file structure.txt (compact mmCIF, C-alpha atoms)
# COMPACT_ATOMS: atom_id res chain seq x y z
CA MET A 16 -6.22 -5.27 -4.92
CA HIS A 17 -3.39 -4.68 -7.39
CA ILE A 18 -4.93 -4.43 -10.86
CA PRO A 19 -2.68 -6.22 -13.40
CA ASP A 20 -2.11 -5.25 -17.03
CA GLY A 21 -4.96 -6.16 -19.34
CA PHE A 22 -7.92 -5.04 -17.22
CA LEU A 23 -8.13 -1.38 -18.24
CA ASP A 24 -8.58 0.01 -21.72
CA PRO A 25 -6.54 3.04 -22.93
CA PHE A 26 -9.23 5.60 -22.00
CA TRP A 27 -9.39 4.45 -18.37
CA ILE A 28 -5.62 4.08 -18.21
CA ALA A 29 -5.36 7.77 -19.20
CA VAL A 30 -8.16 8.88 -16.84
CA THR A 31 -6.74 7.07 -13.81
CA TYR A 32 -3.18 8.27 -14.49
CA ALA A 33 -4.47 11.84 -14.86
CA ALA A 34 -6.42 11.61 -11.60
CA ALA A 35 -3.44 10.16 -9.72
CA ILE A 36 -1.10 12.85 -11.09
CA ALA A 37 -3.63 15.60 -10.24
CA TYR A 38 -3.80 14.37 -6.63
CA ALA A 39 -0.01 14.14 -6.46
CA LEU A 40 0.30 17.77 -7.59
CA ALA A 41 -2.42 18.95 -5.17
CA ALA A 42 -0.67 17.08 -2.33
CA TRP A 43 2.71 18.52 -3.33
CA ARG A 44 1.37 22.07 -3.19
CA ARG A 45 0.28 21.51 0.41
CA ILE A 46 3.44 19.85 1.69
CA ARG A 47 6.07 21.80 -0.26
CA GLY A 48 8.57 23.46 2.06
CA ARG A 49 7.09 21.95 5.20
CA LEU A 50 9.05 18.72 5.31
CA GLY A 51 12.35 18.17 7.06
CA PRO A 52 14.70 15.21 6.64
CA GLU A 53 13.28 13.58 9.77
CA GLN A 54 9.77 13.41 8.30
CA VAL A 55 10.96 12.20 4.90
CA VAL A 56 13.05 9.40 6.42
CA SER A 57 10.16 8.40 8.71
CA MET A 58 7.83 8.27 5.72
CA SER A 59 10.23 5.99 3.85
CA VAL A 60 10.61 3.71 6.91
CA LEU A 61 6.81 3.42 7.09
CA ALA A 62 6.73 2.74 3.32
CA ALA A 63 9.36 0.00 3.73
CA GLY A 64 7.33 -1.57 6.54
CA ILE A 65 4.12 -1.50 4.48
CA PHE A 66 6.01 -2.97 1.50
CA VAL A 67 7.22 -5.92 3.60
CA ALA A 68 3.81 -6.38 5.25
CA GLN A 69 2.25 -6.63 1.79
CA MET A 70 4.59 -9.53 0.98
CA LEU A 71 2.92 -11.64 3.65
CA ASN A 72 0.12 -13.15 1.62
CA TRP A 73 -2.29 -15.20 3.69
CA PRO A 74 -3.51 -17.96 1.40
CA LEU A 75 -7.25 -18.61 1.48
CA PRO A 76 -9.07 -21.75 0.39
CA GLY A 77 -9.83 -21.58 -3.32
CA GLY A 78 -6.39 -20.45 -4.42
CA THR A 79 -6.58 -16.79 -3.54
CA SER A 80 -5.24 -14.76 -0.65
CA LEU A 81 -5.38 -11.60 1.38
CA HIS A 82 -2.64 -9.30 2.49
CA PHE A 83 -2.43 -6.09 4.47
CA VAL A 84 -2.58 -2.99 2.23
CA GLY A 85 -1.70 -0.18 4.61
CA GLY A 86 -3.27 2.86 2.93
CA ALA A 87 -5.38 3.77 5.97
CA LEU A 88 -2.35 3.29 8.24
CA ALA A 89 -0.34 5.76 6.13
CA GLY A 90 -3.27 8.23 6.14
CA ILE A 91 -3.89 7.93 9.88
CA LEU A 92 -0.23 8.54 10.74
CA PHE A 93 0.76 11.13 8.12
CA GLY A 94 -2.54 12.60 6.90
CA PRO A 95 -4.05 12.52 3.40
CA TRP A 96 -1.27 14.40 1.59
CA LEU A 97 1.89 12.83 3.03
CA GLY A 98 0.14 9.45 3.35
CA PHE A 99 -0.40 9.57 -0.40
CA TYR A 100 3.34 9.81 -1.02
CA VAL A 101 4.07 6.93 1.38
CA MET A 102 1.71 4.64 -0.52
CA ALA A 103 2.62 5.94 -3.98
CA LEU A 104 6.27 5.09 -3.25
CA VAL A 105 5.33 1.53 -2.20
CA LEU A 106 3.12 1.01 -5.28
CA ALA A 107 5.63 2.48 -7.74
CA VAL A 108 8.45 0.23 -6.45
CA GLN A 109 6.16 -2.82 -6.50
CA THR A 110 5.19 -2.14 -10.11
CA LEU A 111 8.51 -0.98 -11.53
CA VAL A 112 10.79 -3.48 -9.78
CA PHE A 113 8.57 -6.53 -9.17
CA HIS A 114 5.73 -6.26 -11.73
CA ASP A 115 3.29 -6.42 -8.83
CA GLY A 116 0.39 -4.51 -10.38
CA GLY A 117 0.53 -3.55 -14.05
CA ILE A 118 2.35 -0.51 -15.39
CA THR A 119 -0.81 0.31 -17.38
CA ALA A 120 -2.81 0.06 -14.13
CA LEU A 121 -0.38 2.01 -11.92
CA GLY A 122 -2.55 5.14 -12.10
CA ALA A 123 -5.60 3.14 -11.02
CA ASN A 124 -3.71 1.29 -8.30
CA ILE A 125 -2.36 4.57 -6.93
CA LEU A 126 -5.86 6.06 -7.11
CA ASN A 127 -7.34 3.14 -5.16
CA MET A 128 -4.66 2.47 -2.55
CA ALA A 129 -2.81 5.81 -2.25
CA VAL A 130 -5.80 8.15 -2.59
CA VAL A 131 -9.09 6.41 -1.75
CA ASP A 132 -7.75 4.09 0.97
CA VAL A 133 -5.57 6.84 2.49
CA VAL A 134 -8.25 9.57 2.45
CA VAL A 135 -11.14 7.37 3.66
CA GLY A 136 -8.97 5.77 6.36
CA TYR A 137 -7.78 9.18 7.53
CA ALA A 138 -11.26 10.79 7.44
CA VAL A 139 -12.95 7.93 9.32
CA TYR A 140 -10.18 7.84 11.94
CA ARG A 141 -10.35 11.60 12.52
CA ALA A 142 -14.17 11.56 12.69
CA VAL A 143 -14.28 8.70 15.23
CA ALA A 144 -11.33 9.90 17.32
CA GLY A 145 -12.79 13.41 17.31
CA ALA A 146 -16.26 12.26 18.31
CA LEU A 147 -14.98 10.04 21.12
CA GLY A 148 -12.47 12.47 22.56
CA GLY A 149 -9.11 11.15 21.41
CA SER A 150 -8.70 8.47 24.09
CA ARG A 151 -6.76 5.27 23.47
CA ARG A 152 -10.07 3.45 22.96
CA ALA A 153 -11.17 6.07 20.43
CA ARG A 154 -7.87 5.67 18.61
CA LEU A 155 -8.27 1.89 18.45
CA LEU A 156 -11.88 2.08 17.24
CA GLY A 157 -11.11 4.87 14.77
CA ALA A 158 -8.12 3.03 13.32
CA PHE A 159 -10.11 -0.20 13.04
CA LEU A 160 -13.00 1.49 11.24
CA GLY A 161 -10.61 3.56 9.13
CA GLY A 162 -8.64 0.48 8.06
CA TRP A 163 -11.79 -1.48 7.32
CA LEU A 164 -13.78 1.19 5.48
CA GLY A 165 -10.68 2.41 3.66
CA ILE A 166 -10.14 -1.00 2.12
CA VAL A 167 -13.86 -1.37 1.28
CA ALA A 168 -13.84 2.02 -0.48
CA ALA A 169 -10.63 1.13 -2.34
CA GLY A 170 -12.20 -2.18 -3.43
CA ILE A 171 -15.30 -0.36 -4.69
CA ALA A 172 -13.11 2.12 -6.59
CA ALA A 173 -11.24 -0.79 -8.24
CA GLY A 174 -14.62 -2.37 -9.08
CA VAL A 175 -15.80 0.85 -10.75
CA GLU A 176 -12.61 1.19 -12.82
CA ILE A 177 -12.66 -2.43 -13.92
CA GLY A 178 -16.41 -2.43 -14.55
CA LEU A 179 -16.31 0.72 -16.70
CA SER A 180 -13.45 -0.61 -18.82
CA PRO A 181 -14.61 -2.43 -21.97
CA SER A 182 -11.65 -4.85 -21.65
CA PHE A 183 -13.52 -6.44 -18.75
CA PRO A 184 -16.56 -8.35 -19.96
CA TYR A 185 -18.78 -7.51 -16.97
CA GLY A 186 -20.14 -4.06 -16.10
CA VAL A 187 -20.10 -2.17 -12.80
CA GLU A 188 -23.37 -3.89 -11.78
CA VAL A 189 -21.29 -7.07 -11.41
CA SER A 190 -17.81 -5.81 -10.56
CA VAL A 191 -18.76 -3.33 -7.81
CA PRO A 192 -20.93 -5.68 -5.66
CA VAL A 193 -18.31 -8.44 -5.97
CA MET A 194 -15.44 -6.14 -4.95
CA ALA A 195 -17.50 -4.43 -2.20
CA THR A 196 -18.63 -7.70 -0.62
CA TRP A 197 -15.23 -9.36 -0.85
CA HIS A 198 -13.44 -6.38 0.67
CA ALA A 199 -16.10 -5.82 3.35
CA ILE A 200 -15.32 -9.33 4.63
CA LEU A 201 -11.54 -9.35 4.20
CA GLY A 202 -11.25 -5.70 5.21
CA VAL A 203 -12.04 -6.59 8.82
CA ILE A 204 -8.52 -8.06 9.06
CA GLU A 205 -7.07 -4.85 7.59
CA GLY A 206 -8.96 -2.91 10.26
CA VAL A 207 -7.68 -5.10 13.10
CA ILE A 208 -4.04 -4.88 11.93
CA THR A 209 -4.33 -1.10 11.36
CA ALA A 210 -5.71 -0.59 14.87
CA LEU A 211 -3.01 -2.76 16.49
CA VAL A 212 -0.16 -1.08 14.61
CA VAL A 213 -1.45 2.47 15.26
CA ASP A 214 -1.95 1.66 18.95
CA TYR A 215 1.51 0.08 19.24
CA LEU A 216 3.26 3.00 17.55
CA TYR A 217 1.47 5.56 19.75
CA GLN A 218 2.00 3.61 22.97
CA ARG A 219 5.70 3.23 22.19
CA ARG A 220 5.99 6.87 21.05
CA SER A 221 7.62 5.65 17.87
CA PRO A 222 9.89 8.13 16.03
CA ILE A 223 7.47 7.68 13.11
CA VAL A 224 4.63 9.08 15.24
CA GLU A 225 6.81 11.93 16.51
CA ALA A 226 7.86 12.89 12.99
CA ALA A 227 4.31 12.56 11.66
CA GLU A 228 2.77 14.66 14.44
CA LYS A 229 5.04 17.57 13.57
CA VAL A 230 3.70 17.84 10.03
CA ALA A 231 0.48 15.84 9.66
CA MET A 232 -1.64 18.43 11.43
CA LYS A 233 -0.34 21.19 9.17
CA ALA A 234 -0.94 19.21 6.04
CA THR A 235 -4.55 18.19 6.60
CA VAL A 236 -7.41 18.77 4.16
CA MET B 1342 22.21 11.04 6.41
CA ALA B 1343 21.98 7.26 6.86
CA GLY B 1344 22.51 7.93 10.57
CA VAL B 1345 18.97 9.32 10.64
CA LEU B 1346 17.81 5.75 10.04
CA SER B 1347 19.31 4.61 13.35
CA ARG B 1348 16.36 6.19 15.19
CA HIS B 1349 14.17 3.67 13.40
CA ARG B 1350 16.15 0.60 14.46
CA GLY B 1351 13.06 -1.00 16.05
CA ALA B 1352 10.86 -0.58 12.98
CA LEU B 1353 13.60 -1.79 10.64
CA LEU B 1354 14.26 -4.82 12.84
CA ALA B 1355 10.55 -5.69 12.79
CA ALA B 1356 10.55 -5.35 8.98
CA ALA B 1357 13.59 -7.66 8.78
CA VAL B 1358 11.86 -10.31 10.92
CA LEU B 1359 8.73 -10.11 8.74
CA LEU B 1360 10.93 -10.32 5.66
CA LEU B 1361 12.60 -13.53 6.91
CA ALA B 1362 9.17 -15.03 7.61
CA SER B 1363 7.65 -13.83 4.33
CA PRO B 1364 8.49 -16.89 2.15
CA VAL B 1365 6.37 -19.05 4.48
CA PHE B 1366 3.37 -17.02 3.29
CA GLY B 1367 4.42 -15.79 -0.13
CA VAL B 1368 6.00 -19.02 -1.39
CA VAL B 1369 5.45 -22.16 0.73
CA LEU B 1370 1.77 -21.76 1.68
CA ALA B 1371 1.04 -20.07 -1.65
CA GLU B 1372 2.29 -23.13 -3.54
CA LYS B 1373 0.34 -25.41 -1.24
CA VAL B 1374 -3.01 -23.81 -2.08
CA GLY B 1375 -2.14 -22.84 -5.66
CA TYR B 1376 -2.31 -19.16 -4.78
CA HIS B 1377 -2.59 -16.34 -7.28
CA GLU B 1378 -3.44 -12.66 -6.80
CA PRO B 1379 -7.26 -12.45 -6.66
CA LEU B 1380 -7.46 -10.27 -9.75
CA ASP B 1381 -5.05 -12.56 -11.61
CA VAL B 1382 -7.46 -15.43 -10.90
CA ALA B 1383 -10.31 -13.34 -12.31
CA ALA B 1384 -8.25 -12.49 -15.40
CA GLU B 1385 -7.49 -16.14 -16.01
CA LYS B 1386 -11.15 -17.14 -15.68
CA LEU B 1387 -12.16 -14.40 -18.11
CA GLY B 1388 -9.44 -15.24 -20.59
CA LEU B 1389 -7.87 -11.79 -20.28
CA GLU B 1390 -4.28 -11.55 -21.38
CA GLU B 1391 -2.53 -10.63 -18.14
CA HIS B 1392 0.80 -9.68 -19.60
CA GLN B 1393 -0.10 -7.43 -22.49
CA VAL B 1394 2.96 -5.52 -21.46
CA ALA B 1395 6.07 -7.70 -21.71
CA GLU B 1396 7.81 -8.83 -18.55
CA TRP B 1397 10.53 -6.26 -18.14
CA THR B 1398 10.88 -5.77 -14.39
CA PRO B 1399 14.16 -7.13 -12.99
CA PHE B 1400 12.65 -9.22 -10.18
CA SER B 1401 9.22 -10.14 -11.53
CA ASP B 1402 6.85 -11.61 -8.93
CA TYR B 1403 9.51 -11.27 -6.21
CA THR B 1404 11.91 -13.76 -7.75
CA VAL B 1405 15.64 -13.34 -8.27
CA PRO B 1406 17.13 -15.07 -11.30
CA GLY B 1407 19.27 -18.04 -10.24
CA LEU B 1408 17.95 -18.25 -6.69
CA PRO B 1409 15.40 -20.72 -5.32
CA ASP B 1410 11.96 -19.13 -4.82
CA THR B 1411 12.14 -18.98 -1.01
CA ILE B 1412 15.57 -17.34 -0.84
CA GLY B 1413 14.75 -15.21 -3.87
CA TYR B 1414 11.60 -13.93 -2.11
CA ILE B 1415 13.66 -12.70 0.85
CA VAL B 1416 16.37 -11.19 -1.35
CA ALA B 1417 13.76 -9.51 -3.58
CA GLY B 1418 12.07 -8.11 -0.47
CA ALA B 1419 15.40 -6.82 0.85
CA ILE B 1420 16.03 -5.17 -2.53
CA GLY B 1421 12.58 -3.53 -2.36
CA VAL B 1422 13.26 -2.22 1.15
CA ALA B 1423 16.69 -0.94 0.06
CA VAL B 1424 15.21 0.86 -2.96
CA ILE B 1425 12.48 2.49 -0.85
CA LEU B 1426 14.91 3.61 1.87
CA ALA B 1427 17.42 4.86 -0.73
CA ILE B 1428 14.71 7.00 -2.33
CA GLY B 1429 13.72 8.21 1.15
CA LEU B 1430 17.30 9.14 2.05
CA ALA B 1431 17.81 10.92 -1.28
CA ALA B 1432 14.57 12.86 -0.80
CA ALA B 1433 15.56 13.69 2.79
CA ARG B 1434 18.83 15.15 1.50
CA LEU B 1435 16.82 17.36 -0.86
CA ALA B 1436 14.46 18.34 1.99
CA ARG B 1437 17.42 19.58 4.06
CA ARG B 1438 18.36 22.13 1.43
call {"tool": "encode", "arguments": {"input": "structure.txt", "output": "C-alpha cells"}}
result
Amino acid sequence: MHIPDGFLDPFWIAVTYAAAIAYALAAWRRIRGRLGPEQVVSMSVLAAGIFVAQMLNWPLPGGTSLHFVGGALAGILFGPWLGFYVMALVLAVQTLVFHDGGITALGANILNMAVVDVVVGYAVYRAVAGALGGSRRARLLGAFLGGWLGIVAAGIAAGVEIGLSPSFPYGVEVSVPVMATWHAILGVIEGVITALVVDYLYQRRSPIVEAAEKVAMKATV
Amino acid sequence: MAGVLSRHRGALLAAAVLLLASPVFGVVLAEKVGYHEPLDVAAEKLGLEEHQVAEWTPFSDYTVPGLPDTIGYIVAGAIGVAVILAIGLAAARLARR
C-alpha cells in the first residue's frame, strides 16, 4: 500500500500533497479546542499500536506480503477527523524515520490510508451499526465491512494516483483493476482483524474507547 | 504527563509483545520467501528507479546500523513507538493549555 519514491510525477506529487494538507486543515478546524490530554495520549497509543501491527508482514507466495493497515480502525474508534491524525502520525514517522513509503509519495500515502481508508471505514461502520441497531453483532459486522471496504477504496485510490502519473507506464485501466482486485482479496483479512480489535476494545472498555467516545461523536462529519 | 500513559499499560504491553514477535514476520519469513513491498516488486518489474530520493532516513527499512537485522528490527520498532508516543505526549501537553 505504501507508494515508494519514483511512482508519482511532480504534478501528482503536488496534487496529492495539496489534498492531504487541505484535509488536515479541515480536520483541524473541527477538532480545535475540543481535545484534552487524555484523548491526545489515547490517539498516540492507538497510533503506536497500528505502527507495530504494520511491522508484522505476512509473506505470501511469490515474494510479496500483506500487513494490517489500520485506517478503518482509527476511523471507527476516533471518527474521520481525529482518525486522520492517528494515521497521518503513523505514516509520517514511517516515511521520515524508516523510509517506509517515499517522501515524494507521502501526500498520496496520507490521502489513501489516512483519508480514504479512515473515512470509508468510518462511514461503512456507522451505516451498518446504525442500520442494525448498535448491538455487538452489528459492531462486528460493521467493523469487518468497514475494514474490508476501507482497504479496497484505499487500494483503488492508490491505483488511480499511480495510473494517472506518467512515471508509471500503465494507465488507470490497468492499475485500478489490479489494485482493486488485489485489495478486495487481501482486504478480507484487514476486515477480520479490524472487527476483532474493535470488539475486544469495546468489550474490555479500553481507555482508548473511553477517550474516543468523549470526542468522536462531536467531531463527526 | 507520562503518567497518563499508565492507563494504557495493557495496550502498550500488547504492542511490546507484537514488537518482539515482529522479526519473525518482517525479517525471518520475509527472507525465506524473498519478500519485498508489493509496490516495490512492481517498480522493479517496470524498471522504475525506486530511490530517486537518496536514502537519508536514519533507520531505513527498519534496520539499525551495526545491529543484526532481527535485533535491529525490534530496536527500530521500539524507536518508532517511542517517537510516536513522544509526539503524543508533547501534543497532550499543548492540549492541556
call {"tool": "residues_around", "arguments": {"input": "structure.txt", "residues": "segment 64-73 of chain A", "least_positions_apart": "2", "cutoff": "6 Å", "atoms": "only C-alpha atoms", "output": "list in words"}}
result
Leu61, Ala62, Ser80, Leu81, His82, Phe83, Gly85 and Val105 of chain A; Ala1356, Ser1363, Phe1366 and Gly1367 of chain B
call {"tool": "closest_atom_pairs", "arguments": {"input": "structure.txt", "of": "chain A", "to": "chain B", "cutoff": "7 Å", "atoms": "only C-alpha atoms", "output": "JSON lines"}}
result
{"residue": "A:Ile18", "atom": "CA", "partner": "B:Leu1380", "partner_atom": "CA", "distance": 6.5}
{"residue": "A:Pro19", "atom": "CA", "partner": "B:Glu1391", "partner_atom": "CA", "distance": 6.5}
{"residue": "A:Asp20", "atom": "CA", "partner": "B:Glu1391", "partner_atom": "CA", "distance": 5.5}
{"residue": "A:Gly21", "atom": "CA", "partner": "B:Glu1391", "partner_atom": "CA", "distance": 5.2}
{"residue": "A:Leu50", "atom": "CA", "partner": "B:Ala1436", "partner_atom": "CA", "distance": 6.4}
{"residue": "A:Gly51", "atom": "CA", "partner": "B:Ala1436", "partner_atom": "CA", "distance": 5.5}
{"residue": "A:Pro52", "atom": "CA", "partner": "B:Ala1433", "partner_atom": "CA", "distance": 4.2}
{"residue": "A:Val55", "atom": "CA", "partner": "B:Ala1433", "partner_atom": "CA", "distance": 5.3}
{"residue": "A:Val56", "atom": "CA", "partner": "B:Gly1429", "partner_atom": "CA", "distance": 5.4}
{"residue": "A:Ser59", "atom": "CA", "partner": "B:Gly1429", "partner_atom": "CA", "distance": 4.9}
{"residue": "A:Val60", "atom": "CA", "partner": "B:Leu1426", "partner_atom": "CA", "distance": 6.6}
{"residue": "A:Ala63", "atom": "CA", "partner": "B:Val1422", "partner_atom": "CA", "distance": 5.2}
{"residue": "A:Gly64", "atom": "CA", "partner": "B:Ala1356", "partner_atom": "CA", "distance": 5.5}
{"residue": "A:Val67", "atom": "CA", "partner": "B:Leu1360", "partner_atom": "CA", "distance": 6.1}
{"residue": "A:Met70", "atom": "CA", "partner": "B:Ser1363", "partner_atom": "CA", "distance": 6.3}
{"residue": "A:Leu71", "atom": "CA", "partner": "B:Ser1363", "partner_atom": "CA", "distance": 5.3}
{"residue": "A:Asn72", "atom": "CA", "partner": "B:Phe1366", "partner_atom": "CA", "distance": 5.3}
{"residue": "A:Trp73", "atom": "CA", "partner": "B:Phe1366", "partner_atom": "CA", "distance": 6.0}
{"residue": "A:Pro74", "atom": "CA", "partner": "B:Ala1371", "partner_atom": "CA", "distance": 5.9}
{"residue": "A:Pro76", "atom": "CA", "partner": "B:Val1374", "partner_atom": "CA", "distance": 6.9}
{"residue": "A:Gly78", "atom": "CA", "partner": "B:Tyr1376", "partner_atom": "CA", "distance": 4.3}
{"residue": "A:Thr79", "atom": "CA", "partner": "B:Tyr1376", "partner_atom": "CA", "distance": 5.0}
{"residue": "A:Ser80", "atom": "CA", "partner": "B:Tyr1376", "partner_atom": "CA", "distance": 6.7}
{"residue": "A:Val108", "atom": "CA", "partner": "B:Gly1421", "partner_atom": "CA", "distance": 6.9}
{"residue": "A:Leu111", "atom": "CA", "partner": "B:Thr1398", "partner_atom": "CA", "distance": 6.1}
{"residue": "A:Val112", "atom": "CA", "partner": "B:Thr1398", "partner_atom": "CA", "distance": 5.1}
{"residue": "A:Phe113", "atom": "CA", "partner": "B:Ser1401", "partner_atom": "CA", "distance": 4.4}
{"residue": "A:His114", "atom": "CA", "partner": "B:Ser1401", "partner_atom": "CA", "distance": 5.2}
{"residue": "A:Asp115", "atom": "CA", "partner": "B:Asp1402", "partner_atom": "CA", "distance": 6.3}
{"residue": "A:Pro222", "atom": "CA", "partner": "B:His1349", "partner_atom": "CA", "distance": 6.7}
call {"tool": "closest_residue", "arguments": {"input": "structure.txt", "among": "A:Val139, A:Val30, A:Ala35, A:Leu156", "to": "Met102 of chain A", "atoms": "only C-alpha atoms"}}
result
A:Ala35
call {"tool": "atom_distance", "arguments": {"input": "structure.txt", "atom1": "atom CA of Glu188 of chain A", "atom2": "atom CA of Asp24 of chain A"}}
result
18.2 Å
call {"tool": "atom_distance", "arguments": {"input": "structure.txt", "atom1": "atom CA of Thr209 of chain A", "atom2": "atom CA of Tyr140 of chain A"}}
result
10.7 Å
call {"tool": "atom_distance", "arguments": {"input": "structure.txt", "atom1": "atom CA of Trp43 of chain A", "atom2": "atom CA of Ile177 of chain A"}}
result
28.1 Å
call {"tool": "residues_near_point", "arguments": {"input": "structure.txt", "point": "(-15.8, -7.1, -0.6)", "cutoff": "10 Å", "atoms": "all atoms listed in the file", "output": "JSON, numbers by chain"}}
result
{"A": [166, 167, 168, 169, 170, 171, 174, 191, 192, 193, 194, 195, 196, 197, 198, 199, 200, 201, 202]}
call {"tool": "residues_around", "arguments": {"input": "structure.txt", "residues": "Phe159 of chain A", "least_positions_apart": "2", "cutoff": "12 Å", "atoms": "only C-alpha atoms", "output": "PyMOL selection string"}}
result
chain A and resi 85+87-88+91+136-137+139-141+143-144+152-157+161-166+202-214
call {"tool": "decode", "arguments": {"input": "structure.txt", "residues": "segment 1404-1412 of chain B", "atoms": "all heavy atoms", "output": "compact mmCIF listing (two decimals), in the first residue's frame"}}
result
# COMPACT_ATOMS: atom_id res chain seq x y z
N THR B 1404 16.07 -0.98 9.83
CA THR B 1404 17.37 -1.53 10.23
C THR B 1404 18.06 -0.50 11.12
O THR B 1404 17.78 0.70 11.02
CB THR B 1404 18.27 -1.81 9.01
OG1 THR B 1404 18.42 -0.59 8.27
CG2 THR B 1404 17.68 -2.89 8.11
N VAL B 1405 18.95 -0.99 11.98
CA VAL B 1405 19.75 -0.09 12.81
C VAL B 1405 21.21 -0.38 12.50
O VAL B 1405 21.64 -1.54 12.60
CB VAL B 1405 19.47 -0.33 14.32
CG1 VAL B 1405 20.36 0.56 15.17
CG2 VAL B 1405 18.00 -0.06 14.63
N PRO B 1406 21.95 0.63 12.06
CA PRO B 1406 23.35 0.40 11.69
C PRO B 1406 24.10 -0.33 12.80
O PRO B 1406 24.02 0.04 13.97
CB PRO B 1406 23.90 1.81 11.49
CG PRO B 1406 22.71 2.66 11.19
CD PRO B 1406 21.57 2.04 11.94
N GLY B 1407 24.83 -1.40 12.43
CA GLY B 1407 25.64 -2.14 13.39
C GLY B 1407 24.93 -3.28 14.08
O GLY B 1407 25.57 -4.08 14.76
N LEU B 1408 23.63 -3.37 13.92
CA LEU B 1408 22.89 -4.45 14.58
C LEU B 1408 22.43 -5.48 13.54
O LEU B 1408 22.13 -5.12 12.40
CB LEU B 1408 21.65 -3.90 15.30
CG LEU B 1408 21.87 -3.09 16.57
CD1 LEU B 1408 20.53 -2.65 17.15
CD2 LEU B 1408 22.64 -3.90 17.61
N PRO B 1409 22.39 -6.77 13.94
CA PRO B 1409 21.83 -7.76 13.02
C PRO B 1409 20.36 -7.42 12.70
O PRO B 1409 19.69 -6.77 13.51
CB PRO B 1409 21.93 -9.09 13.79
CG PRO B 1409 22.35 -8.76 15.16
CD PRO B 1409 22.80 -7.34 15.22
N ASP B 1410 19.90 -7.89 11.52
CA ASP B 1410 18.57 -7.47 11.06
C ASP B 1410 17.44 -7.75 12.05
O ASP B 1410 16.54 -6.93 12.22
CB ASP B 1410 18.25 -8.15 9.72
CG ASP B 1410 19.00 -7.50 8.58
OD1 ASP B 1410 19.63 -6.45 8.81
OD2 ASP B 1410 18.97 -8.05 7.46
N THR B 1411 17.51 -8.95 12.70
CA THR B 1411 16.40 -9.30 13.60
C THR B 1411 16.35 -8.38 14.82
O THR B 1411 15.30 -7.85 15.16
CB THR B 1411 16.54 -10.77 14.08
OG1 THR B 1411 17.89 -10.98 14.48
CG2 THR B 1411 16.15 -11.75 13.01
N ILE B 1412 17.50 -8.18 15.44
CA ILE B 1412 17.55 -7.29 16.62
C ILE B 1412 17.27 -5.85 16.18
O ILE B 1412 16.52 -5.11 16.84
CB ILE B 1412 18.94 -7.35 17.31
CG1 ILE B 1412 19.31 -8.80 17.66
CG2 ILE B 1412 18.97 -6.46 18.54
CD1 ILE B 1412 18.44 -9.44 18.70
